[in-house]
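Asks: Sharing a structure here in structure tokens format.
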2 protein chains.
Amino acid sequence: MAAITNGIPEKTIERLSEYRRTLLASHKQGITHIFSHVLAGIHGITAVQVRRDLMLIGFSSDTKKGYDVQVLIEYISRILDSETPMNIAVLGMGHLGQAITKYFNGKGLKLKITAAFDIDPEKVGRTIDGIPCYHMDTFETKAEELDLSMVVVSSPTKVAPSLVLPIINAGIRGVLNFTSTPLNFPQGIVVENYDITTLLEKVAYFVKEGDNNNG
Amino acid sequence: MAAITNGIPEKTIERLSEYRRTLLASHKQGITHIFSHVLAGIHGITAVQVRRDLMLIGFSSDTKKGYDVQVLIEYISRILDSETPMNIAVLGMGHLGQAITKYFNGKGLKLKITAAFDIDPEKVGRTIDGIPCYHMDTFETKAEELDLSMVVVSSPTKVAPSLVLPIINAGIRGVLNFTSTPLNFPQGIVVENYDITTLLEKVAYFVKEGDNNNG
């Protein structure tokens, strides 16, 4: 994935998404204003980083009372969200697929998981966690019918490579791949490969390094 | 999390973990040598990046036949792995906890998920996906007994903040948090907050930006 688009670094996009989630939770609790150092503290970063991120998107209405929570939510949303909602399909409705669906669809976001695909006869044709599950063989036609623009790949790892061609043929534009096989797509299709093993190995490495540095 | 430890950037650590997984799969298929550009192609990056990462860890035995797969696996493992295996516990054995356990423990890695904790009476006291599930109330004592050094937080988001103190008290050293609440810990405890919502929002943003740039 390109590290920078229109001058906003990938890491800033991640943090904007995280800030928004915190702001939405604060808003729900009736909090109207928040200081950059409070937002920073919640996310374990510095206030300078928060201010730099918001400056990058042209937001600078810091007052004595801090940022106006609602205004900032709207501002970040204009950056992150597309004008029309994007429909997402989950490819592989096992534990991971179900976890992601359940977790994600409760949030009331612009992004919605609207369909699942699997080959398990016990799942195909059923509604799971509120979304219909179709047979993977029908993916290319269903993708058009259901106006799908993104997929989450949560299939078994060995199945993942066989999904690349259907994803391309279906005109999918964004892929979030949780399997252990990195998937490559032609230009124009955004892909993020996120292997949970990598995340755990990274934490373990820094734990080990902490030991070496202290001991 | 500190971006750099001992001169190896966090992103390089992530890629080393990913290279190793590809190398292990190649080794299994009987492949003995691999060129940097092949490894790069699989991971969707440049050969220069691969060579730079391996140079950073002092590996430079590139030959006309490419890297020796087995030697490189051993080399990366010396960097990433600790000498003694680390035991990991999953806090919250719902769909996500089960997906992670099932997925991770099949890999034959040095890291092992050896216990789960939950409060659901239908799970506590049972063995799920090969690991015992204990009541969360017993976490602090069990952690010592079972020599746990890392946890995966896959509980409901609203429960997550209440897990911080038990995690600290139990002497846990690394935390991989998948809930929507960023968790902060005192220095000495490594934490990675990985919200799936952020990943999806990031992909969606770059899909949208691709549209704007092309249209």
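Scheme for the structure tokens: letters A, B, ... for chains in order shown; per-chain residue numbers from 1; ligand numbers from 1 in order shown.
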Can you tell me, as a PyMOL selection string, which residues in range 129-158 of chain B count as alpha helix (DSSP H) by DSSP?

Replies: chain B and resi 139-145

Asks: Given the selection you just returned, output its residues as a file containing N, CA, C and O atoms, formatted as a PDB file, in the first residue's frame.

Replies:
```pdb
ATOM      1  N   PHE B 139      -7.171 -15.061  37.332  1.00  0.00           N
ATOM      2  CA  PHE B 139      -6.092 -14.738  36.400  1.00  0.00           C
ATOM      3  C   PHE B 139      -4.748 -14.471  37.081  1.00  0.00           C
ATOM      4  O   PHE B 139      -3.706 -14.997  36.677  1.00  0.00           O
ATOM      5  N   GLU B 140      -4.773 -13.641  38.135  1.00  0.00           N
ATOM      6  CA  GLU B 140      -3.494 -13.233  38.732  1.00  0.00           C
ATOM      7  C   GLU B 140      -2.722 -14.423  39.303  1.00  0.00           C
ATOM      8  O   GLU B 140      -1.500 -14.515  39.121  1.00  0.00           O
ATOM      9  N   THR B 141      -3.417 -15.322  39.977  1.00  0.00           N
ATOM     10  CA  THR B 141      -2.713 -16.491  40.535  1.00  0.00           C
ATOM     11  C   THR B 141      -2.324 -17.483  39.444  1.00  0.00           C
ATOM     12  O   THR B 141      -1.213 -17.998  39.430  1.00  0.00           O
ATOM     13  N   LYS B 142      -3.234 -17.708  38.514  1.00  0.00           N
ATOM     14  CA  LYS B 142      -2.952 -18.650  37.417  1.00  0.00           C
ATOM     15  C   LYS B 142      -1.774 -18.179  36.562  1.00  0.00           C
ATOM     16  O   LYS B 142      -0.995 -18.989  36.058  1.00  0.00           O
ATOM     17  N   ALA B 143      -1.673 -16.874  36.386  1.00  0.00           N
ATOM     18  CA  ALA B 143      -0.613 -16.335  35.526  1.00  0.00           C
ATOM     19  C   ALA B 143       0.762 -16.739  36.044  1.00  0.00           C
ATOM     20  O   ALA B 143       1.658 -17.097  35.263  1.00  0.00           O
ATOM     21  N   GLU B 144       0.902 -16.714  37.368  1.00  0.00           N
ATOM     22  CA  GLU B 144       2.186 -17.101  37.942  1.00  0.00           C
ATOM     23  C   GLU B 144       2.385 -18.611  37.812  1.00  0.00           C
ATOM     24  O   GLU B 144       3.424 -19.079  37.341  1.00  0.00           O
ATOM     25  N   GLU B 145       1.348 -19.327  38.178  1.00  0.00           N
ATOM     26  CA  GLU B 145       1.376 -20.798  38.134  1.00  0.00           C
ATOM     27  C   GLU B 145       1.723 -21.291  36.731  1.00  0.00           C
ATOM     28  O   GLU B 145       2.492 -22.240  36.555  1.00  0.00           O
TER      29      GLU B 145
END
```

Asks: Give me, as a PyMOL selection string, the contact residues of chain A against chain B at a cut-off of 8 Å, counting only C-alpha atoms.

Replies: chain A and resi 5-6+10+13-14+17-18+21-22+42-44+80-82+86+94-96+98-100+104+111+150+173-176+180-184+188-192+196-210

Asks: Where does DSSP see strand (DSSP E or B) in range 16-207 of chain A, if you list the residues as a VMD selection string?

Replies: chain A and resid 33 to 34 63 66 to 68 87 to 91 112 to 118 127 to 128 131 to 135 148 to 153 174 to 177 190 to 193

Asks: Please produce a file of those selected residues containing N, CA, C and O atoms, as a short mmCIF file (atom, residue, chain, number, x, y, z; two decimals), in the first residue's frame.

Replies:
```
data_model
loop_
_atom_site.label_atom_id
_atom_site.label_comp_id
_atom_site.auth_asym_id
_atom_site.auth_seq_id
_atom_site.Cartn_x
_atom_site.Cartn_y
_atom_site.Cartn_z
N HIS A 33 -15.90 19.06 24.99
CA HIS A 33 -14.57 19.54 24.61
C HIS A 33 -13.48 18.61 25.14
O HIS A 33 -13.64 18.02 26.21
N ILE A 34 -12.38 18.53 24.38
CA ILE A 34 -11.29 17.67 24.83
C ILE A 34 -9.95 18.32 24.47
O ILE A 34 -9.79 18.87 23.37
N THR A 63 -9.11 25.67 21.25
CA THR A 63 -9.47 26.83 22.06
C THR A 63 -8.99 26.60 23.49
O THR A 63 -8.39 25.58 23.79
N GLY A 66 -10.17 23.47 24.70
CA GLY A 66 -9.77 22.27 23.96
C GLY A 66 -10.55 22.17 22.65
O GLY A 66 -11.23 23.11 22.24
N TYR A 67 -10.46 21.02 22.00
CA TYR A 67 -11.17 20.83 20.74
C TYR A 67 -12.66 20.62 20.99
O TYR A 67 -13.04 19.93 21.93
N ASP A 68 -13.48 21.19 20.12
CA ASP A 68 -14.92 20.90 20.15
C ASP A 68 -15.12 19.48 19.61
O ASP A 68 -14.82 19.20 18.45
N ASN A 87 -20.01 -1.07 0.85
CA ASN A 87 -20.42 -2.40 1.31
C ASN A 87 -19.23 -3.35 1.33
O ASN A 87 -18.45 -3.40 0.39
N ILE A 88 -19.13 -4.09 2.40
CA ILE A 88 -18.01 -5.01 2.59
C ILE A 88 -18.54 -6.43 2.68
O ILE A 88 -19.58 -6.68 3.28
N ALA A 89 -17.81 -7.37 2.07
CA ALA A 89 -18.14 -8.79 2.24
C ALA A 89 -17.03 -9.49 2.99
O ALA A 89 -15.85 -9.15 2.85
N VAL A 90 -17.42 -10.48 3.79
CA VAL A 90 -16.46 -11.31 4.50
C VAL A 90 -16.32 -12.62 3.73
O VAL A 90 -17.31 -13.29 3.47
N LEU A 91 -15.09 -12.96 3.34
CA LEU A 91 -14.85 -14.21 2.63
C LEU A 91 -14.29 -15.22 3.62
O LEU A 91 -13.10 -15.17 3.98
N LYS A 112 -20.14 -0.90 6.13
CA LYS A 112 -21.01 -1.96 6.64
C LYS A 112 -20.63 -3.30 6.01
O LYS A 112 -20.43 -3.37 4.79
N ILE A 113 -20.56 -4.32 6.81
CA ILE A 113 -20.42 -5.67 6.27
C ILE A 113 -21.83 -6.14 5.93
O ILE A 113 -22.69 -6.23 6.81
N THR A 114 -22.06 -6.37 4.64
CA THR A 114 -23.43 -6.65 4.20
C THR A 114 -23.61 -8.07 3.68
O THR A 114 -24.73 -8.48 3.40
N ALA A 115 -22.50 -8.81 3.51
CA ALA A 115 -22.64 -10.18 3.00
C ALA A 115 -21.44 -11.01 3.42
O ALA A 115 -20.36 -10.49 3.67
N ALA A 116 -21.68 -12.33 3.51
CA ALA A 116 -20.58 -13.26 3.78
C ALA A 116 -20.59 -14.33 2.71
O ALA A 116 -21.62 -14.59 2.08
N PHE A 117 -19.42 -14.91 2.45
CA PHE A 117 -19.30 -16.01 1.49
C PHE A 117 -18.51 -17.14 2.13
O PHE A 117 -17.52 -16.89 2.85
N ASP A 118 -18.95 -18.35 1.88
CA ASP A 118 -18.29 -19.52 2.46
C ASP A 118 -18.62 -20.70 1.55
O ASP A 118 -19.36 -20.55 0.56
N THR A 127 -28.58 -16.90 7.49
CA THR A 127 -28.23 -15.55 7.92
C THR A 127 -27.43 -15.68 9.20
O THR A 127 -27.89 -16.29 10.17
N ILE A 128 -26.21 -15.18 9.21
CA ILE A 128 -25.34 -15.31 10.38
C ILE A 128 -24.98 -13.91 10.88
O ILE A 128 -24.52 -13.07 10.10
N ILE A 131 -26.25 -11.07 8.73
CA ILE A 131 -25.96 -10.89 7.30
C ILE A 131 -26.08 -12.23 6.57
O ILE A 131 -25.81 -13.29 7.12
N PRO A 132 -26.51 -12.17 5.30
CA PRO A 132 -26.70 -13.41 4.54
C PRO A 132 -25.37 -14.02 4.12
O PRO A 132 -24.43 -13.30 3.79
N CYS A 133 -25.32 -15.35 4.16
CA CYS A 133 -24.11 -16.05 3.74
C CYS A 133 -24.38 -16.80 2.43
O CYS A 133 -25.28 -17.63 2.35
N TYR A 134 -23.60 -16.47 1.39
CA TYR A 134 -23.76 -17.07 0.07
C TYR A 134 -22.63 -18.05 -0.22
O TYR A 134 -21.58 -18.03 0.45
N HIS A 135 -22.81 -18.86 -1.25
CA HIS A 135 -21.74 -19.76 -1.66
C HIS A 135 -20.66 -18.98 -2.40
O HIS A 135 -20.96 -18.12 -3.22
N LEU A 148 -20.78 -4.57 -3.80
CA LEU A 148 -19.69 -4.74 -2.84
C LEU A 148 -18.45 -4.01 -3.34
O LEU A 148 -18.09 -4.12 -4.50
N SER A 149 -17.78 -3.27 -2.45
CA SER A 149 -16.55 -2.63 -2.90
C SER A 149 -15.31 -3.07 -2.13
O SER A 149 -14.20 -2.83 -2.56
N MET A 150 -15.52 -3.71 -0.98
CA MET A 150 -14.37 -4.20 -0.21
C MET A 150 -14.63 -5.62 0.29
O MET A 150 -15.77 -6.03 0.45
N VAL A 151 -13.53 -6.35 0.53
CA VAL A 151 -13.68 -7.67 1.17
C VAL A 151 -12.69 -7.81 2.32
O VAL A 151 -11.60 -7.24 2.31
N VAL A 152 -13.11 -8.62 3.29
CA VAL A 152 -12.22 -9.08 4.36
C VAL A 152 -11.93 -10.54 4.06
O VAL A 152 -12.87 -11.33 3.91
N VAL A 153 -10.66 -10.91 3.94
CA VAL A 153 -10.33 -12.31 3.70
C VAL A 153 -10.03 -12.97 5.05
O VAL A 153 -9.01 -12.70 5.68
N GLY A 174 -10.88 -2.83 -2.46
CA GLY A 174 -10.08 -2.83 -1.25
C GLY A 174 -10.14 -4.19 -0.58
O GLY A 174 -11.21 -4.79 -0.50
N VAL A 175 -8.99 -4.67 -0.10
CA VAL A 175 -8.90 -6.01 0.49
C VAL A 175 -8.17 -5.92 1.84
O VAL A 175 -7.09 -5.35 1.91
N LEU A 176 -8.80 -6.47 2.85
CA LEU A 176 -8.13 -6.60 4.15
C LEU A 176 -7.94 -8.08 4.39
O LEU A 176 -8.89 -8.82 4.60
N ASN A 177 -6.68 -8.52 4.33
CA ASN A 177 -6.36 -9.95 4.35
C ASN A 177 -5.79 -10.36 5.69
O ASN A 177 -4.71 -9.92 6.07
N VAL A 190 -6.53 -1.75 -3.46
CA VAL A 190 -5.79 -1.50 -2.22
C VAL A 190 -5.80 -2.77 -1.39
O VAL A 190 -6.85 -3.37 -1.19
N VAL A 191 -4.64 -3.19 -0.92
CA VAL A 191 -4.60 -4.39 -0.07
C VAL A 191 -3.79 -4.13 1.19
O VAL A 191 -2.75 -3.48 1.17
N GLU A 192 -4.33 -4.60 2.31
CA GLU A 192 -3.60 -4.60 3.58
C GLU A 192 -3.53 -6.04 4.04
O GLU A 192 -4.55 -6.71 4.21
N ASN A 193 -2.31 -6.55 4.20
CA ASN A 193 -2.12 -7.90 4.71
C ASN A 193 -1.85 -7.81 6.21
O ASN A 193 -0.87 -7.21 6.62
#
```

Asks: Enter the distance from CA of Ser155 in chain B to CA of Met93 in chain B, in Å, rounded to one decimal.

Replies: 7.3 Å

Asks: One decimal, in Å: what's the spacing between CA of Ser36 in chain A and CA of Ile73 in chain A?

Replies: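 Between CA of Ser36 in chain A and CA of Ile73 in chain A the gap works out to 13.9 Å.
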
Asks: Find the distance between CA of Ile8 in chain B and CA of Ala47 in chain B and write it in Å to one decimal.

Replies: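 Between these atoms lies a distance of 18.3 Å.
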